[in-house]
Every structure is written in C-alpha cells, then in structure tokens.
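Student: My questions all concern the structure below.
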Amino acid sequence: MAQRPDPYLIDDDNPEWTEADFAAARPAREVLHPELYAKLVAGMAAAPAPAPVSVTLPLDPRIVDRFKQSGPDWQDRIAETLKKAAGF
C-alpha cells in the first residue's frame, strides 16, 4: 500500500517540481539581470574574515607611543598597517 503524503507538508502555492520543471529550468545567470546576478554571486563568494590571532611581538617603543598618541583603538590601527604592508 502506497504511503500517503503528510497534508501538513503539502504546499499548493509551491508544489514539488516534476521532471518537466527540472528540464525547463535555466541557470540564474541566464534569467537574472547581470548586475543583480553579480551581486548575488559576490555575496555568496565572500568568505568571512579569519578570526584574529593574539601574538606577543617586540616593537620599538617609539612605534607603540606614536600609535597610542593617535587615540583609542591604536592596536587596530597597527593591525591595519601590518595588513597593508603585507599586501592585504
């Protein structure tokens, strides 16, 4: 005896695809506006930034003083400076 589908899972507004539906389907890049598709792909491809790693690093005290004098978040600015120097 065939099992009957759960009526709770049946969605008349969004029926299950048939083989004909799959055969007629086209890739998103063919049906979306090129700018919208580019944004969609860019959003999917963006990888989260890696978590920061804490290190102990001997620095010239003049460097630390210069960054501290520039205000709060001086450690973040040092990290940004190192990223730029590394080519990120």
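A note on labels: chains of the structure tokens are A, B, ... as shown, every chain counts residues from 1, and ligands are counted from 1 in their shown order.
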Considering only alpha helix (DSSP H) as DSSP defines it on the backbone, what residues of chain A qualify? List them as an MDAnalysis selection string.

Tutor: chainID A and resid 19:24 28:31 34:45 61:69 74:86

Student: Tell me which protein, DNA and RNA residues are within 10 Å of range 77-86 of chain A, counting only C-alpha atoms, leaving out same-chain ones fewer than 5 positions away, and put them as a list in words.

Tutor: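 Within the cut-off, the hits are Pro52, Ile63, Val64, Phe67, Lys68, Ser70, Gly71 and Pro72 of chain A.
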